[in-house]
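Dropping model30.txt in here (compact mmCIF, C-alpha atoms):
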# COMPACT_ATOMS: atom_id res chain seq x y z
CA MET L 1 62.09 192.28 162.16
CA PRO L 2 65.80 191.81 162.84
CA THR L 3 67.79 194.54 164.49
CA SER L 4 70.83 195.87 162.64
CA ILE L 5 74.03 195.21 164.51
CA ILE L 6 75.59 198.52 163.47
CA PRO L 7 74.00 200.83 166.07
CA LEU L 8 74.48 198.17 168.73
CA LEU L 9 78.16 197.86 167.88
CA ALA L 10 78.52 201.63 167.84
CA GLU L 11 77.11 201.82 171.33
CA ARG L 12 79.25 198.93 172.56
CA LEU L 13 82.45 200.33 171.08
CA ASP L 14 81.49 203.91 171.92
CA ILE L 15 82.19 205.15 168.40
CA PRO L 16 79.96 206.66 165.67
CA GLU L 17 78.07 204.34 163.35
CA ASP L 18 79.98 205.73 160.37
CA GLN L 19 83.14 204.41 161.97
CA VAL L 20 81.58 201.03 162.70
CA ARG L 21 80.64 200.23 159.10
CA PRO L 22 84.18 199.93 157.65
CA LEU L 23 85.39 198.04 160.72
CA LEU L 24 82.50 195.60 160.49
CA SER L 25 82.94 195.24 156.74
CA THR L 26 86.62 194.37 157.19
CA MET L 27 85.81 191.85 159.89
CA VAL L 28 83.07 190.20 157.83
CA GLU L 29 85.32 190.01 154.77
CA GLU L 30 88.08 188.37 156.78
CA LEU L 31 85.60 186.03 158.41
CA ARG L 32 84.21 184.90 155.06
CA GLN L 33 87.69 184.29 153.67
CA ARG L 34 88.62 182.10 156.62
CA ALA L 35 85.25 180.34 156.52
CA ALA L 36 85.94 179.44 152.88
CA SER L 37 89.27 177.81 153.73
CA ASP L 38 89.24 175.94 157.03
CA GLY L 39 86.32 177.51 158.82
CA VAL L 40 86.59 180.07 161.54
CA GLN L 41 85.53 179.82 165.15
CA LEU L 42 84.49 182.79 167.25
CA SER L 43 84.80 181.99 170.93
CA GLY L 44 81.45 181.96 172.68
CA LEU L 45 79.54 182.27 169.42
CA GLY L 46 80.22 179.41 167.05
CA THR L 47 81.91 178.27 163.86
CA PHE L 48 81.41 179.63 160.33
CA ARG L 49 82.10 177.46 157.29
CA GLU L 50 81.55 177.65 153.59
CA ASP L 51 79.50 174.67 152.48
CA GLY L 52 79.54 174.86 148.71
CA ASP L 53 78.43 178.38 147.99
CA ALA L 54 76.50 178.72 151.20
CA LEU L 55 77.84 180.12 154.45
CA THR L 56 76.86 177.96 157.42
CA PHE L 57 77.03 178.68 161.14
CA ASP L 58 77.28 176.09 163.90
CA PRO L 59 76.48 177.66 167.27
CA SER L 60 78.83 176.87 170.13
CA PRO L 61 77.60 174.79 173.09
CA ALA L 62 77.94 177.89 175.28
CA LEU L 63 75.61 179.86 173.04
CA GLN L 64 73.13 176.99 172.90
CA ARG L 65 73.14 176.76 176.69
CA ARG L 66 72.69 180.49 176.93
CA VAL L 67 69.54 180.65 174.79
CA ASN L 68 68.16 177.58 176.57
CA ARG L 69 68.71 178.84 180.10
CA PRO L 70 64.94 178.86 180.80
CA TYR L 71 64.88 175.11 180.14
CA GLU L 72 68.13 174.14 181.82
CA GLY L 73 68.04 170.73 183.46
CA LEU L 74 65.02 169.49 181.52
CA SER L 75 65.31 166.17 179.73
CA ALA L 76 63.09 163.89 177.71
CA GLU L 77 60.60 161.94 179.77
CA SER L 78 59.37 158.51 178.81
CA LEU L 79 55.69 158.22 178.02
CA SER L 80 55.83 154.42 178.05
CA PRO L 81 56.57 153.45 181.65
CA GLU L 82 55.55 149.84 181.02
CA ALA L 83 58.07 149.51 178.21
CA GLU L 84 60.87 149.23 180.71
CA PRO L 85 59.64 146.93 183.51
CA ASP L 86 61.63 146.68 186.69
CA PRO L 87 63.37 143.26 186.65
CA SER L 88 63.45 143.03 190.44
CA ALA L 89 59.73 143.62 190.61
CA ALA L 90 59.14 140.82 188.14
CA GLN L 91 61.20 138.41 190.25
CA ASP L 92 59.50 139.31 193.50
CA PRO L 93 55.74 139.71 193.10
CA SER L 94 55.33 140.49 196.79
CA GLU L 95 57.18 143.76 196.33
CA GLU L 96 54.88 144.61 193.49
CA ALA L 97 51.91 144.22 195.79
CA ALA L 98 53.38 146.53 198.41
CA PRO L 99 55.66 149.13 196.85
CA SER L 100 57.89 150.89 199.31
CA PRO L 101 58.44 154.64 199.45
CA ALA L 102 62.16 154.02 199.13
CA SER L 103 61.79 152.35 195.75
CA ASP L 104 59.61 155.22 194.60
CA ALA L 105 62.31 157.61 195.61
CA ASP L 106 64.94 155.67 193.71
CA GLN L 107 62.86 155.78 190.56
CA ASP L 108 62.40 159.49 191.00
CA GLU L 109 66.14 159.95 191.29
CA ASP L 110 66.74 158.05 188.09
CA LEU L 111 64.50 160.49 186.30
CA ALA L 112 65.80 163.48 188.17
CA GLN L 113 67.16 166.14 185.88
CA ASP L 114 66.38 169.07 188.14
CA ARG L 115 62.70 168.58 187.60
CA PRO L 116 60.26 168.52 190.48
CA PRO L 117 59.68 164.83 191.11
CA ALA L 118 56.28 163.24 191.07
CA GLN L 119 54.55 163.76 194.38
CA PRO L 120 54.60 160.62 196.48
CA ASN L 121 51.23 158.96 196.86
CA ALA L 122 50.14 159.59 200.41
CA ASP L 123 47.85 156.57 200.37
CA THR L 124 50.71 154.16 199.85
CA ARG L 125 52.92 155.57 202.57
CA SER L 126 52.74 153.64 205.81
CA PRO L 127 52.17 155.41 209.14
CA ASP L 128 55.64 154.29 210.27
CA SER L 129 57.32 156.35 207.60
CA PHE L 130 55.54 159.46 208.81
CA THR L 131 56.66 158.73 212.35
CA ILE L 132 60.26 158.29 211.25
CA LEU L 133 60.14 161.39 209.07
CA SER L 134 58.66 163.44 211.88
CA GLY L 135 61.33 162.21 214.25
CA VAL L 136 64.11 163.06 211.84
CA LEU L 137 62.73 166.53 211.19
CA ALA L 138 62.34 167.17 214.92
CA ALA L 139 65.92 166.04 215.56
CA LEU L 140 67.23 168.26 212.78
CA PHE L 141 65.27 171.21 214.13
CA LEU L 142 66.59 170.71 217.65
CA ALA L 143 70.15 170.30 216.39
CA GLY L 144 69.86 173.45 214.32
CA ALA L 145 68.35 175.42 217.19
CA GLY L 146 71.09 174.24 219.53
CA TRP L 147 73.80 175.11 217.04
CA PHE L 148 72.24 178.54 216.52
CA VAL L 149 72.19 179.23 220.27
CA VAL L 150 75.78 178.10 220.70
CA THR L 151 77.13 180.14 217.80
CA GLN L 152 75.08 183.27 218.37
CA THR L 153 75.57 183.47 222.12
CA ASN L 154 79.22 182.43 221.91
CA VAL L 155 78.72 180.12 224.88
CA LEU L 156 81.89 178.23 224.19
CA GLY L 157 83.97 181.36 223.99
CA PRO L 158 86.26 182.39 221.16
CA THR L 159 89.08 180.03 222.07
CA GLN L 160 86.79 177.00 221.92
CA ASN L 161 85.96 177.44 218.25
CA PRO L 162 88.28 175.50 215.97
CA PRO L 163 89.62 177.38 212.99
CA PRO L 164 87.51 176.91 209.85
CA THR L 165 88.76 174.43 207.32
CA ALA L 166 88.22 174.33 203.61
CA THR L 167 85.38 171.85 203.91
CA GLU L 168 83.51 173.38 206.82
CA THR L 169 80.59 175.72 206.64
CA PRO L 170 81.57 179.07 208.15
CA ALA L 171 79.54 180.12 211.13
CA ASP L 172 77.94 183.05 209.38
CA GLN L 173 77.21 181.09 206.22
CA THR L 174 73.87 179.81 207.38
CA GLY L 175 72.74 183.18 208.49
CA ARG L 176 73.48 184.67 205.11
CA ASN L 177 71.75 181.81 203.35
CA ALA L 178 68.77 182.02 205.62
CA THR L 179 68.34 185.53 204.35
CA ALA L 180 68.57 184.27 200.80
CA ASP L 181 65.98 181.61 201.55
CA SER L 182 63.50 184.13 202.82
CA ALA L 183 64.21 186.49 199.95
CA SER L 184 63.37 183.99 197.24
CA ASP L 185 60.54 181.51 197.29
CA SER L 186 61.32 180.06 193.89
CA GLN L 187 64.96 179.25 194.57
CA SER L 188 67.04 179.43 197.66
CA VAL L 189 70.57 178.37 198.46
CA ASP L 190 71.92 176.65 201.51
CA SER L 191 75.50 175.96 200.75
CA THR L 192 78.42 174.19 202.29
CA VAL L 193 80.93 176.11 200.23
CA PRO L 194 84.16 177.53 201.57
CA GLU L 195 83.85 181.07 202.85
CA ASP L 196 86.58 182.47 200.61
CA GLU L 197 84.71 181.32 197.51
CA ALA L 198 81.23 182.32 198.62
CA SER L 199 81.71 186.03 198.42
CA ASP L 200 78.97 188.08 196.83
CA ALA L 201 81.08 188.64 193.73
CA ARG L 202 81.53 184.92 193.03
CA ASP L 203 77.97 183.76 192.63
CA TRP L 204 78.30 181.80 189.37
CA THR L 205 79.01 178.11 189.42
CA ILE L 206 78.84 174.99 187.25
CA VAL L 207 76.17 172.43 188.09
CA VAL L 208 77.22 168.89 187.20
CA ALA L 209 74.47 166.86 188.86
CA SER L 210 71.18 167.29 190.61
CA SER L 211 69.28 164.96 192.87
CA SER L 212 66.24 165.00 195.10
CA SER L 213 68.26 163.33 197.86
CA ARG L 214 71.25 164.82 199.63
CA GLY L 215 72.88 161.39 199.77
CA GLY L 216 72.71 160.95 196.03
CA ALA L 217 74.12 164.40 195.46
CA GLN L 218 76.91 163.81 197.96
CA GLU L 219 77.91 160.60 196.19
CA ALA L 220 78.19 162.50 192.94
CA ALA L 221 80.13 165.25 194.69
CA ASP L 222 82.59 162.70 196.05
CA ARG L 223 83.23 161.45 192.53
CA TYR L 224 84.01 164.94 191.25
CA ALA L 225 86.07 165.86 194.30
CA SER L 226 88.96 163.79 192.96
CA GLN L 227 89.09 165.89 189.80
CA PHE L 228 88.17 169.38 190.99
CA ASP L 229 89.23 171.47 193.94
CA SER L 230 86.00 173.19 194.79
CA VAL L 231 83.06 170.81 194.81
CA ALA L 232 80.01 171.52 196.92
CA VAL L 233 76.43 170.41 197.39
CA VAL L 234 73.94 173.24 197.49
CA SER L 235 70.25 172.94 198.08
CA GLY L 236 67.61 174.85 196.22
CA THR L 237 63.85 174.86 196.39
CA VAL L 238 61.96 174.56 193.13
CA ASP L 239 58.17 174.44 193.27
CA ASN L 240 58.29 173.62 196.97
CA THR L 241 60.60 170.65 196.38
CA THR L 242 64.15 170.65 197.67
CA TRP L 243 66.85 169.73 195.17
CA TYR L 244 70.50 169.12 195.88
CA ARG L 245 72.86 170.32 193.18
CA VAL L 246 76.49 169.36 192.87
CA THR L 247 78.43 172.47 191.96
CA ILE L 248 82.00 173.01 190.85
CA GLY L 249 83.82 176.27 191.42
CA ARG L 250 82.67 179.78 192.17
CA TYR L 251 83.12 182.38 189.44
CA ALA L 252 82.74 186.11 189.31
CA SER L 253 80.82 186.15 186.04
CA GLU L 254 78.77 183.99 183.76
CA SER L 255 81.35 184.30 181.00
CA THR L 256 84.08 182.95 183.28
CA ALA L 257 81.92 180.00 184.27
CA GLU L 258 81.05 179.33 180.63
CA ARG L 259 84.72 179.46 179.69
CA VAL L 260 85.64 176.90 182.33
CA LEU L 261 82.69 174.74 181.29
CA THR L 262 83.96 174.78 177.71
CA GLU L 263 87.59 174.21 178.62
CA ARG L 264 86.82 171.31 180.97
CA ALA L 265 84.08 169.79 178.81
CA ASP L 266 85.91 166.47 178.67
CA ALA L 267 85.77 166.06 182.43
CA LEU L 268 82.22 167.31 182.85
CA PRO L 269 78.90 165.73 181.91
CA SER L 270 77.42 166.89 178.62
CA ASP L 271 74.39 168.34 180.38
CA ALA L 272 76.36 170.41 182.89
CA TRP L 273 75.26 174.01 182.99
CA THR L 274 76.23 177.31 184.51
CA HIS L 275 74.04 178.63 187.26
CA ARG L 276 73.85 181.75 189.35
CA LEU L 277 73.49 181.17 193.05
CA GLU L 278 71.04 183.51 194.72
CA MET J 279 89.18 209.08 169.83
CA GLU J 280 91.31 206.00 169.32
CA SER J 281 90.04 203.47 166.78
CA PRO J 282 89.19 200.08 168.31
CA SER J 283 91.46 197.16 167.53
CA ALA J 284 90.38 194.10 165.55
CA GLU J 285 90.15 192.18 168.81
CA ASP J 286 87.86 194.84 170.26
CA VAL J 287 85.56 194.65 167.24
CA ILE J 288 85.37 190.84 167.34
CA GLU J 289 84.71 190.84 171.07
CA ALA J 290 82.02 193.48 170.74
CA PHE J 291 80.49 191.61 167.80
CA THR J 292 80.31 188.40 169.82
CA ASP J 293 78.88 190.15 172.88
CA VAL J 294 76.21 191.96 170.90
CA VAL J 295 75.05 188.83 169.08
CA GLN J 296 74.99 186.85 172.34
CA ASP J 297 73.01 189.55 174.14
CA GLN J 298 70.46 189.93 171.36
CA LEU J 299 69.89 186.18 171.04
CA ASP J 300 69.71 185.92 174.82
CA THR J 301 66.75 188.28 174.81
CA GLY J 302 65.12 186.55 171.85
CA ASN J 303 65.91 189.26 169.30
CA ALA J 304 67.14 188.62 165.79
CA VAL J 305 70.21 190.56 164.75
CA GLU J 306 71.25 191.35 161.19
CA VAL J 307 74.89 191.61 160.20
CA PRO J 308 75.32 193.38 156.83
CA GLY J 309 77.32 191.27 154.40
CA LEU J 310 77.02 188.18 156.56
CA GLY J 311 73.49 187.23 157.52
CA THR J 312 70.93 187.20 160.29
CA PHE J 313 71.13 185.43 163.62
CA SER J 314 67.87 184.53 165.33
CA VAL J 315 66.39 182.19 167.91
CA GLU J 316 63.55 179.85 167.07
CA HIS J 317 61.50 178.16 169.73
CA ARG J 318 60.80 174.46 169.45
CA PRO J 319 57.85 173.48 171.66
CA SER J 320 57.71 170.32 173.67
CA GLY J 321 56.76 167.34 171.55
CA VAL J 322 56.52 163.58 171.46
CA GLN J 323 59.39 161.65 169.91
CA GLU J 324 59.58 157.93 169.23
CA GLU J 325 62.85 156.06 169.30
CA ASP J 326 63.26 152.29 169.34
CA GLY J 327 59.58 151.91 170.11
CA VAL J 328 59.78 154.13 173.18
CA ARG J 329 57.77 157.34 173.12
CA ARG J 330 59.33 160.26 174.91
CA LEU J 331 58.17 163.75 175.64
CA ALA J 332 61.00 166.02 174.54
CA PRO J 333 61.34 169.26 176.50
CA PRO J 334 60.97 172.62 174.78
CA ARG J 335 64.12 174.28 173.56
CA ASN J 336 65.41 177.24 171.67
CA GLU J 337 67.59 176.90 168.60
CA VAL J 338 70.02 179.40 167.19
CA VAL J 339 69.35 179.90 163.49
CA PHE J 340 71.67 181.62 161.04
CA THR J 341 70.35 182.77 157.68
CA PRO J 342 73.15 183.85 155.33
CA GLU J 343 72.65 187.04 153.43
CA PRO J 344 71.52 186.24 149.88
CA GLY J 345 74.14 186.98 147.27
CA ALA J 346 76.71 188.08 149.79

Rewrite the structure from the file as structure tokens, please.
Amino acid sequence: MPTSIIPLLAERLDIPEDQVRPLLSTMVEELRQRAASDGVQLSGLGTFREDGDALTFDPSPALQRRVNRPYEGLSAESLSPEAEPDPSAAQDPSEEAAPSPASDADQDEDLAQDRPPAQPNADTRSPDSFTILSGVLAALFLAGAGWFVVTQTNVLGPTQNPPPTATETPADQTGRNATADSASDSQSVDSTVPEDEASDARDWTIVVASSSSRGGAQEAADRYASQFDSVAVVSGTVDNTTWYRVTIGRYASESTAERVLTERADALPSDAWTHRLE
Amino acid sequence: MESPSAEDVIEAFTDVVQDQLDTGNAVEVPGLGTFSVEHRPSGVQEEDGVRRLAPPRNEVVFTPEPGA
């Protein structure tokens, strides 16, 4: 059962319903007249046209994105993996016999549209890869712990710290994001955004790419950096898998981000979407 | 109380329709029609011999008011 717009408009405009009816009637009449001539576009909603005797409505991309927010980033997935054989695999049968984890990762990235990738098969991963992975994780942990000690204890003293630049992560950024990580299991943010754009009020952004590898995301970010001022790679955890999203800008509201997305549609991928950083 | 301008009415109209569709509600505009959201479940599509699983999506549907 549809809801009448009249009481909703009355509440929004803070006027009685009796006053809304003539205003709405005038607007609808004007809208139909314009739809009959050249069509009329309402920003953020869509375009009305008269097609013969019938009034048609074409929703705007912003409205379509808005109603599809629960499915943002999803794309069609092939059900015929053998229909597109890997040419390199066909040329080199030895690789087919012993697939490498790296090639698996590359395939995952090709399919990556912010979906959790297929879990790597543990049986096919060699012991060496685990050793390397463990070593890398241990090194990252030690580096992070050392950085934390240095910044929190101020060992170097205030004059030793270089002034922050536009591309550096502010010292307190990680602390704030660590709180965000612990506050949300479904999605957390670890950003490298400039401090002046990462204020609590500016938590909307435009996501232009997403990858399961930081390197892949950084490459995409480098491409967009030549066109946009504020490009960053932020990480988020979805279903226990870390994804790296390339974001453009920080906006105070969803409507502002949607407006920029619409205005810069030519320079952005068609599947870019607005996203609220948590 | 001051009467809202035409711009105010259009902006409020757009906001209300967006908000209602955002929450999955259908909204009826007298003299114009009804806006609603219809869910399209995930399904298999075939194109050029390749079968793909299309993700679910919502579609905005506008039904013009009969005789308006």

### Message
What does the structure give for the distance between CA of Val207 in chain L and CA of Asp271 in chain L, in Å to one decimal?
### Response
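Answer for the CA of Val207 in chain L to CA of Asp271 in chain L separation: 8.9 Å.
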
### Task
Kindly determine which residues of chain L lie within 8 Å of chain J, considering all atoms listed in the file, and give the answer as a PyMOL selection string.
chain L and resi 1-6+8-9+12-13+23-25+27-28+42-45+54-57+59+63-64+66-68+71+74-80+83

### Nearest to Glu258 in chain L by atom-to-atom distance, counting all atoms listed in the file, from L:Ala272, L:Ala232, L:Ala145, L:Ala35
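For Glu258 in chain L, the nearest of the candidates is L:Ala272.
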
#### Entry: Atomic distance CA of Leu137 in chain L - CA of Val231 in chain L, expressed in Å with one decimal
26.5 Å

### Query
Excluding same-chain residues fewer than 2 positions from Thr256 in chain L, what lies within 12 Å of it counting all atoms listed in the file, as a PyMOL selection string?
chain L and resi 44+62+202-206+249-254+258-263+274-276

### Query
How many Å separate CA of Tyr224 in chain L from CA of Ile248 in chain L?
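The value is 8.3 Å.
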
8 Å per side around range 305-315 of chain J: axis-aligned box centre and edge lengths, as JSON:
{"center_x": 71.9, "center_y": 187.8, "center_z": 161.2, "size_x": 26.9, "size_y": 27.2, "size_z": 29.5}

### Message
Restricting the calculation to all atoms listed in the file: of L:Gly144, L:Val233, L:Ala201, L:Gly73, which residue gets closest to Trp273 in chain L?
### Response
L:Gly73
